[in-house]
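Visitor: A single structure is presented below for examination.
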Amino acid sequence: MKVFIRAATAALLTMTLPAMAHHSTAMFDFTRTVQLEGTIKDFQWTNPHTWTVVTVTGKPAVAGEYGLEGMSPNYLARNGWTKRTLNSGDKVKLAIHPLKDGRKGGFMVSVTLPDGTIHYNLPRRPE
Amino acid sequence: MQPVKPFFMIALAVVIAGLGGCETATPPAKPAPDPAVQKWAALAALPDWNGVWEIDWRNTRGSAPRPQMKLTPEYQARLDTYRKKQKGGENLQSEGANCVPPGLPGIMSQPYPIEFLYQPDKVVMLTEAYMQFRHIWTDGRKHPEDPDPAYMGHSIGHWEGQTLVIDSVGFTTSTMLASGVPHSDQLRITEKIHRVDKDWMEIETTLIDPVVFTEPYTSTISYRHLDDEIREYICLENNHDGADEKGRPSLKLEK
């Protein structure tokens with residue numbers, strides 16, 4: 001996992017302003033990865049980013065409703081995701097880069113489904 | 001007026017038919033070619049750029065890094081100030097976070113594909129990012145004398161063999177050439193686009209602006225061929241991101 005995080009972070013850091021489609025990632029703390037466990041409340045397959053609302057039930061993170069930004073449906077559809085990859089009610093484990101300001105939100109790094117399938121938002125390593 | 005007598009009409013028709021019959025002895029003159037049809041047919045000689053093209057944003061092709069911009073003292077000072085403010089939390093977010101498209105040249109280096117459509121008088125470029133389009137006039141017209149400022153500028157182009165050469169002027173000054181590098185109304189952008197092989201296209205872009213650069217700035221970007229199609233991209237569909245007037249980022253958890 002650590003190797004993946006480093007690779008993903010490296011990939012992100014190589015995105016200069018023009019390459020990062022719509023905005024920078026300045027509000028996320030890419031130096032930290034937080035693990036969440038919870039239930040998908042809503043998975044929004046929308047531009048400019050997917051948006052996932054997760055009801056987090058407690059350990060290892062603070063309980064509450066989290067808002068997670070992900071890559072766009074345009075990007076994810078070219079990388080194996082569909083609008084049905086996540087569904088309301090799915091019990092999932094998540095890795096996120098948290099918001100710097102401490103609110104319950106962040107950038108979704110990966111999501112693990114009940115059957116063990118893992119979906120990543122960013123490439124696991126530069127090709 | 002007297003009514004035309006039917007027998008007269010029949011007689012006339014017989015005479016005309018007879019004349020027509022005489023003319024078949026010599027072959028009829030070939031109809032003049034339709035210029036519109038010829039123009040469409042000429043497109044067949046253009047290179048095959050079908051499919052869509054995605055910028056090699058992770059540089060899997062191993063292209064040389066983009067060179068440094070050589071800025072005039074005034075614009076170097078502006079960039080230094082811009083970067084200093086970044087350390088204080090400003091200028092971290094562009095207007096793109098508020099769904100304002102970047103204009104040319106930024107629109108050409110988004111991590112979403114572009115598509116080319118040929119018409120007799122123009123090449124149309126579609127960019128998935130922000131769902132934008134560019135018209136590159138290839139019918140020999142000149143730039144307008146006094147073009148209205150535009151995010152994409154005004155583009156004219158011509159083919160040099162298999163390479164499309166584009167010249168663009170008339171840009172709004174509200175866009176940036178790179179993070180912290182604005183430009184003047186004298187900006188001129190030339191692009192040379194060609195397909196290298198089955199998988200790759202290269203676009204060589206030169207930025208000319210004597211107010212900003214001490215010499216023209218040229219860089220080359222690689223695009224990978226994708227057997228895919230352009231998708232919809234409505235930036236305001238569900239945008240949680242934002243930038244304030246000082247470029248400080250925000251994320252709305254509730255919409």
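So you can find residues: chains in the structure tokens are A, B, ... in the order shown, residues in each start at 1, and ligands are numbered from 1 in order.
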Would you please give, as a PyMOL selection string, all residues of stretch 97-234 of chain B that DSSP assigns to strand (DSSP E or B) based on the backbone?

Guide: chain B and resi 114-119+122-127+132-137+150+154-160+163-169+171+176-178+181-182+188-195+200-208+213+217-226

Visitor: Just C-alpha atoms for this one: save the residues we selected as a compact mmCIF listing (two decimals), in the first residue's frame.

Guide:
# COMPACT_ATOMS: atom_id res chain seq x y z
CA ILE B 114 -9.18 15.90 -28.37
CA GLU B 115 -10.76 15.04 -31.71
CA PHE B 116 -10.25 16.44 -35.24
CA LEU B 117 -13.00 16.88 -37.83
CA TYR B 118 -12.26 17.97 -41.40
CA GLN B 119 -14.51 20.18 -43.48
CA LYS B 122 -11.86 24.32 -41.82
CA VAL B 123 -10.50 21.83 -39.37
CA VAL B 124 -12.64 21.59 -36.24
CA MET B 125 -11.01 20.54 -33.03
CA LEU B 126 -13.15 19.24 -30.18
CA THR B 127 -11.71 19.15 -26.70
CA GLN B 132 -14.79 23.24 -26.10
CA PHE B 133 -14.24 23.58 -29.83
CA ARG B 134 -11.76 25.36 -32.09
CA HIS B 135 -12.27 26.39 -35.73
CA ILE B 136 -9.09 26.49 -37.81
CA TRP B 137 -9.94 28.13 -41.12
CA ALA B 150 -11.28 35.39 -27.58
CA HIS B 154 -8.73 33.45 -34.23
CA SER B 155 -7.05 30.56 -36.05
CA ILE B 156 -6.10 30.10 -39.70
CA GLY B 157 -4.27 27.04 -40.97
CA HIS B 158 -2.81 25.30 -43.98
CA TRP B 159 -1.41 21.88 -44.78
CA GLU B 160 2.30 21.40 -45.39
CA THR B 163 1.35 18.59 -41.17
CA LEU B 164 -1.35 21.08 -40.19
CA VAL B 165 0.20 24.49 -39.50
CA ILE B 166 -1.95 26.87 -37.46
CA ASP B 167 -1.51 30.56 -36.74
CA SER B 168 -3.66 32.15 -34.03
CA VAL B 169 -4.04 35.75 -32.83
CA PHE B 171 -6.58 36.46 -27.56
CA MET B 176 -2.52 32.43 -18.51
CA LEU B 177 0.18 30.76 -20.64
CA ALA B 178 1.39 28.84 -17.59
CA VAL B 181 2.53 33.77 -16.63
CA PRO B 182 -0.15 36.02 -18.13
CA ARG B 188 0.56 34.95 -31.30
CA ILE B 189 0.50 31.13 -31.19
CA THR B 190 1.68 28.82 -33.96
CA GLU B 191 1.09 25.08 -33.89
CA LYS B 192 2.44 22.31 -36.10
CA ILE B 193 0.43 19.11 -35.79
CA HIS B 194 1.43 15.80 -37.35
CA ARG B 195 0.84 12.12 -36.78
CA TRP B 200 1.39 9.03 -31.57
CA MET B 201 0.71 12.57 -32.64
CA GLU B 202 2.98 15.52 -31.90
CA ILE B 203 2.02 19.16 -31.56
CA GLU B 204 4.82 21.70 -31.61
CA THR B 205 3.59 24.97 -30.13
CA THR B 206 5.36 28.32 -30.31
CA LEU B 207 4.25 31.24 -28.15
CA ILE B 208 5.27 34.69 -29.36
CA PHE B 213 9.13 36.59 -23.68
CA TYR B 217 8.89 29.83 -26.61
CA THR B 218 8.59 26.47 -28.35
CA SER B 219 7.56 23.17 -26.79
CA THR B 220 6.34 19.83 -28.14
CA ILE B 221 3.59 17.70 -26.64
CA SER B 222 2.85 14.06 -27.50
CA TYR B 223 -0.67 12.71 -27.79
CA ARG B 224 -1.56 9.02 -27.74
CA HIS B 225 -4.16 7.60 -30.14
CA LEU B 226 -7.20 6.18 -28.39

Visitor: When you look at A:Pro98 with a cut-off of 9 Å (counting only C-alpha atoms), what residues show up, excluding the ones that are within fewer than 2 positions of it in the same chain? I need them as a ChimeraX atom specification.

Guide: /A:27-30,32-34,68,96,100-108

Visitor: Dump as a ChimeraX atom specification the residues of chain B that approach chain A to within 9 Å, counting only C-alpha atoms.

Guide: /B:55,57-60,89,92-102,106-112,128-130,177-179,228,230-243,248-254

Visitor: Determine the nearest neighbour of A:Phe43 from the options A:Lys93, A:Ile118, A:Ser88, A:Thr112, counting only C-alpha atoms.

Guide: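 Ranking A:Lys93, A:Ile118, A:Ser88, A:Thr112 by distance to A:Phe43, first place goes to A:Ser88.
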
Visitor: Nearest to A:Lys83: which of A:Val62, A:Thr52, A:Thr57, A:Ser110 is it, counting only C-alpha atoms?

Guide: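 Comparing A:Val62, A:Thr52, A:Thr57, A:Ser110 against A:Lys83, the winner is A:Thr52.
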
Visitor: DSSP says helix (DSSP H, G or I) for which residues of stretch 73-222 of chain B? Put them as a list in words?

Guide: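 In stretch 73-222 of chain B, DSSP puts these residues in helix (DSSP H, G or I): Pro73, Glu74, Tyr75, Gln76, Ala77, Arg78, Leu79, Asp80, Thr81, Tyr82, Arg83, Lys84, Lys85, Gln86, Lys87, Glu95, Gly96, Ala97, Asn98, Gly106, Ile107, Met108, Ser109, Ala129, Tyr130 and Met131 of chain B.
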
Visitor: For the selection you just gave me, I'd like the residues written to a file as a short mmCIF file (atom, residue, chain, number, x, y, z; two decimals), in the first residue's frame, keeping C-alpha atoms.

Guide:
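Output file result-v6.cif follows:
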data_model
loop_
_atom_site.label_atom_id
_atom_site.label_comp_id
_atom_site.auth_asym_id
_atom_site.auth_seq_id
_atom_site.Cartn_x
_atom_site.Cartn_y
_atom_site.Cartn_z
CA PRO B 73 12.25 41.38 -16.53
CA GLU B 74 8.73 42.70 -15.94
CA TYR B 75 7.07 39.33 -16.38
CA GLN B 76 9.79 37.52 -14.43
CA ALA B 77 9.11 39.91 -11.55
CA ARG B 78 5.37 39.19 -11.85
CA LEU B 79 6.05 35.44 -11.73
CA ASP B 80 8.31 35.84 -8.68
CA THR B 81 5.56 37.74 -6.86
CA TYR B 82 2.98 35.14 -7.90
CA ARG B 83 5.12 32.34 -6.50
CA LYS B 84 5.81 34.21 -3.30
CA LYS B 85 2.06 34.50 -2.74
CA GLN B 86 1.71 30.77 -3.34
CA LYS B 87 3.80 30.14 -0.25
CA GLU B 95 -10.31 29.94 -12.32
CA GLY B 96 -10.55 26.43 -13.78
CA ALA B 97 -11.78 25.36 -10.33
CA ASN B 98 -14.76 27.65 -10.96
CA GLY B 106 -3.95 25.65 -21.91
CA ILE B 107 -6.91 23.85 -23.50
CA MET B 108 -4.43 21.77 -25.54
CA SER B 109 -2.77 20.24 -22.47
CA ALA B 129 -12.14 19.17 -21.27
CA TYR B 130 -14.82 21.81 -20.68
CA MET B 131 -16.49 20.62 -23.96
#

Visitor: I'd like the interatomic distance between atom CA of B:Lys246 and atom CA of B:Gly88, to a tenth of an Å.

Guide: 10.7 Å

Visitor: Measure the distance from atom CA of B:Pro120 to atom CA of B:Asn50 in Å and round it to one decimal.

Guide: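 Separation of atom CA of B:Pro120 and atom CA of B:Asn50: 16.4 Å.
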
Visitor: Take atom CA of B:Asp48 and atom CA of B:Gly140 and report the distance between them in Å, one decimal.

Guide: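 Going from atom CA of B:Asp48 over to atom CA of B:Gly140, I get 21.9 Å.
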
Visitor: Residues within 10 Å of A:Ala63, please, as a count of residues only. Count only C-alpha atoms; anything in the same chain fewer than 6 positions from it doesn't count.

Guide: 7

Visitor: What lies within 9 Å of A:Leu86 using only C-alpha atoms, ignoring chain neighbours under 4 positions off, as a PyMOL selection string?

Guide: chain A and resi 40+42-43+52+82+90+111+113
